[in-house]
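**Q** Below is the file query-v3.txt, which contains compact mmCIF, C-alpha atoms.
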# COMPACT_ATOMS: atom_id res chain seq x y z
CA MET A 1016 108.07 83.48 90.14
CA ALA A 1017 109.34 86.47 92.08
CA LYS A 1018 112.58 86.83 94.01
CA ASP A 1019 110.74 86.01 97.23
CA GLY A 1020 109.71 82.62 95.79
CA ARG A 1021 106.00 83.48 95.51
CA THR A 1022 104.04 83.72 92.28
CA VAL A 1023 102.35 86.99 91.32
CA SER A 1024 98.91 85.63 92.26
CA GLU A 1025 100.22 84.64 95.72
CA ARG A 1026 101.44 88.21 96.34
CA ARG A 1027 98.16 89.88 95.39
CA THR A 1028 96.06 91.13 98.27
CA SER A 1029 92.79 91.45 96.36
CA ARG A 1030 91.01 89.65 93.56
CA ARG A 1031 91.71 90.89 90.05
CA ARG A 1032 88.78 91.01 87.62
CA PRO A 1033 89.12 91.16 83.84
CA VAL A 1034 87.27 94.05 82.18
CA ILE A 1035 87.34 95.73 78.80
CA TRP A 1036 86.83 99.39 79.63
CA ARG A 1037 87.94 102.58 77.93
CA GLY A 1038 89.65 104.85 80.38
CA THR A 1039 91.66 108.03 80.60
CA LEU A 1040 95.04 108.23 82.24
CA CYS A 1041 96.09 111.71 83.36
CA VAL A 1042 99.74 112.48 83.92
CA GLY A 1043 100.23 116.03 85.10
CA SER A 1044 98.26 118.21 82.70
CA PHE A 1045 98.21 115.55 79.93
CA SER A 1046 95.41 113.02 79.30
CA PHE A 1047 95.72 109.79 77.33
CA GLU A 1048 93.06 107.34 76.21
CA CYS A 1049 93.75 103.81 77.44
CA ARG A 1050 92.08 100.42 77.69
CA ILE A 1051 91.61 98.99 81.17
CA ASN A 1052 92.19 95.22 80.94
CA ASP A 1053 91.69 94.32 84.57
CA ILE A 1054 91.07 96.00 87.89
CA SER A 1055 91.21 95.16 91.57
CA LEU A 1056 90.92 97.09 94.80
CA THR A 1057 94.67 97.68 94.75
CA GLY A 1058 95.48 98.37 91.09
CA ALA A 1059 94.76 97.96 87.40
CA ARG A 1060 96.40 96.74 84.22
CA LEU A 1061 96.09 99.00 81.19
CA ARG A 1062 96.92 99.00 77.51
CA LEU A 1063 98.74 102.23 76.73
CA ASP A 1064 101.57 102.74 74.25
CA LEU A 1065 103.24 105.41 76.31
CA PRO A 1066 106.38 104.54 78.27
CA LEU A 1067 105.80 106.02 81.71
CA LYS A 1068 108.43 105.85 84.40
CA ARG A 1069 107.85 103.57 87.38
CA GLY A 1070 106.63 105.65 90.31
CA ALA A 1071 105.01 108.32 88.14
CA GLU A 1072 101.85 109.70 89.77
CA VAL A 1073 98.75 109.30 87.59
CA MET A 1074 94.97 109.57 87.78
CA LEU A 1075 92.94 106.81 86.13
CA THR A 1076 89.38 107.70 85.17
CA THR A 1077 87.02 104.82 84.45
CA PRO A 1078 84.19 104.95 81.89
CA HIS A 1079 81.83 105.27 84.86
CA GLY A 1080 83.45 108.53 85.95
CA GLU A 1081 85.48 107.40 88.95
CA SER A 1082 88.84 109.13 89.32
CA LEU A 1083 91.36 106.78 90.91
CA PRO A 1084 94.77 108.13 92.04
CA ALA A 1085 97.63 105.73 91.35
CA VAL A 1086 101.34 105.31 90.68
CA VAL A 1087 102.89 103.42 87.79
CA SER A 1088 104.28 100.10 89.01
CA TYR A 1089 105.17 98.45 85.69
CA HIS A 1090 105.44 99.19 81.97
CA LYS A 1091 106.49 96.89 79.16
CA ASP A 1092 105.43 96.45 75.54
CA GLY A 1093 102.34 98.67 75.79
CA THR A 1094 101.11 97.13 79.05
CA LEU A 1095 101.04 99.42 82.05
CA ALA A 1096 100.23 98.45 85.61
CA VAL A 1097 99.23 100.96 88.25
CA SER A 1098 98.86 100.65 92.01
CA PHE A 1099 96.11 102.71 93.57
CA THR A 1100 97.21 105.14 96.28
CA VAL A 1101 93.98 104.95 98.25
CA THR A 1102 93.05 102.13 100.60
CA PRO A 1103 91.01 99.15 99.36
CA GLU A 1104 88.17 100.36 101.57
CA GLU A 1105 88.27 103.77 99.87
CA MET A 1106 88.30 102.00 96.49
CA CYS A 1107 85.09 100.16 97.45
CA HIS A 1108 83.56 103.49 98.39
CA ARG A 1109 84.68 105.17 95.13
CA LEU A 1110 83.50 102.28 92.94
CA GLY A 1111 80.18 102.11 94.79
CA GLU A 1112 77.82 99.39 93.59
CA ARG A 1113 80.23 98.44 90.80
CA ALA A 1114 82.64 97.14 93.44
CA SER A 1115 80.28 94.32 94.28
CA HIS A 1116 77.88 94.12 91.34
CA ILE A 1117 80.11 94.38 88.26
CA LEU A 1118 83.50 93.44 89.65
CA GLY A 1119 82.42 91.02 92.33
CA LEU A 1120 84.58 92.89 94.81
CA ASP A 1121 83.84 94.06 98.31
CA ALA A 1122 85.68 95.07 101.46
CA GLU A 1123 85.39 91.54 102.88
CA LEU A 1124 87.71 90.28 100.14
CA VAL A 1125 90.46 92.61 101.29
CA GLU A 1126 93.10 90.98 103.43
CA GLY A 1127 94.61 92.82 106.33
What do you get writing this file as structure tokens?
**A**
Amino acid sequence: MAKDGRTVSERRTSRRRPVIWRGTLCVGSFSFECRINDISLTGARLRLDLPLKRGAEVMLTTPHGESLPAVVSYHKDGTLAVSFTVTPEEMCHRLGERASHILGLDAELVEG
């Protein structure tokens, strides 16, 4: 439960989908292999044993070739969460058919 009294799932604005994807996380001129554990229109949870500072700007590349700009929002014990810096609508556009077909996501699921 968060300080505002809501659970994490109540604060989410888009549906999170579990995946097991290999990805690449770029930080500046450095690239690191990672495992994408779940993804939504607003962020992703990764497995990466690299302690990155909260707020660090990164680029997450999926195994399908999409490059998704993000910032680090959480890191603990090899789990890293990122928040995408593009709108959910732009994420749908970037993910293309995967947004609805593989992930079961579409712009209609986005609140706001």
**Q** Quick one: pull the distance between CA of Val1086 (chain A) and CA of Glu1072 (chain A), Å, one decimal.
**A**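 Atom-to-atom, CA of Val1086 (chain A) to CA of Glu1072 (chain A), that is 4.5 Å.
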**Q** Which is closer to Gly1111 (chain A) than all the others in A:Cys1041, A:Lys1068, A:His1079, A:Arg1050, using all atoms listed in the file?
**A**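 Nearest to Gly1111 (chain A): A:His1079.
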**Q** Enter the distance from CA of Arg1060 (chain A) to CA of Arg1109 (chain A), in Å, rounded to one decimal.
**A**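 Between these atoms lies a distance of 18.1 Å.
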**Q** Near Thr1076 (chain A), counting all atoms listed in the file, which residues have an atom at most 8 Å away, once you skip same-chain residues fewer than 3 positions from it, shown as a compact mmCIF listing (two decimals) with C-alpha atoms, in the frame of the given file?
**A**
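Dumped everything to part_36.txt:
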# COMPACT_ATOMS: atom_id res chain seq x y z
CA GLY A 1038 89.65 104.85 80.38
CA THR A 1039 91.66 108.03 80.60
CA LEU A 1040 95.04 108.23 82.24
CA HIS A 1079 81.83 105.27 84.86
CA GLY A 1080 83.45 108.53 85.95
CA GLU A 1081 85.48 107.40 88.95
CA SER A 1082 88.84 109.13 89.32
CA LEU A 1083 91.36 106.78 90.91
**Q** From the list A:Ser1098, A:His1108, A:Ser1088, A:Leu1075, which residue is nearest Gly1043 (chain A) when using only C-alpha atoms?
**A**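 Answer, going by the shortest atom-to-atom distance: A:Leu1075.
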**Q** Near Leu1061 (chain A), within 6 Å and counting all atoms listed in the file, which residues show up once chain neighbours fewer than 5 positions away are dropped, as a PyMOL selection string?
**A** chain A and resi 1050-1052+1094-1095
**Q** Calculated over only C-alpha atoms, which of the candidates A:Val1101, A:Leu1063, A:Cys1107, A:Val1034 has the smallest distance to Glu1048 (chain A)?
**A**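 Checking each of A:Val1101, A:Leu1063, A:Cys1107, A:Val1034 against Glu1048 (chain A), counting only C-alpha atoms, the winner is A:Leu1063.
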**Q** In Å, rounded to a single decimal, give me how far CA of Glu1112 (chain A) is from CA of Ala1071 (chain A).
**A**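 Value for the CA of Ala1071 (chain A)-CA of Glu1112 (chain A) distance: 29.1 Å.
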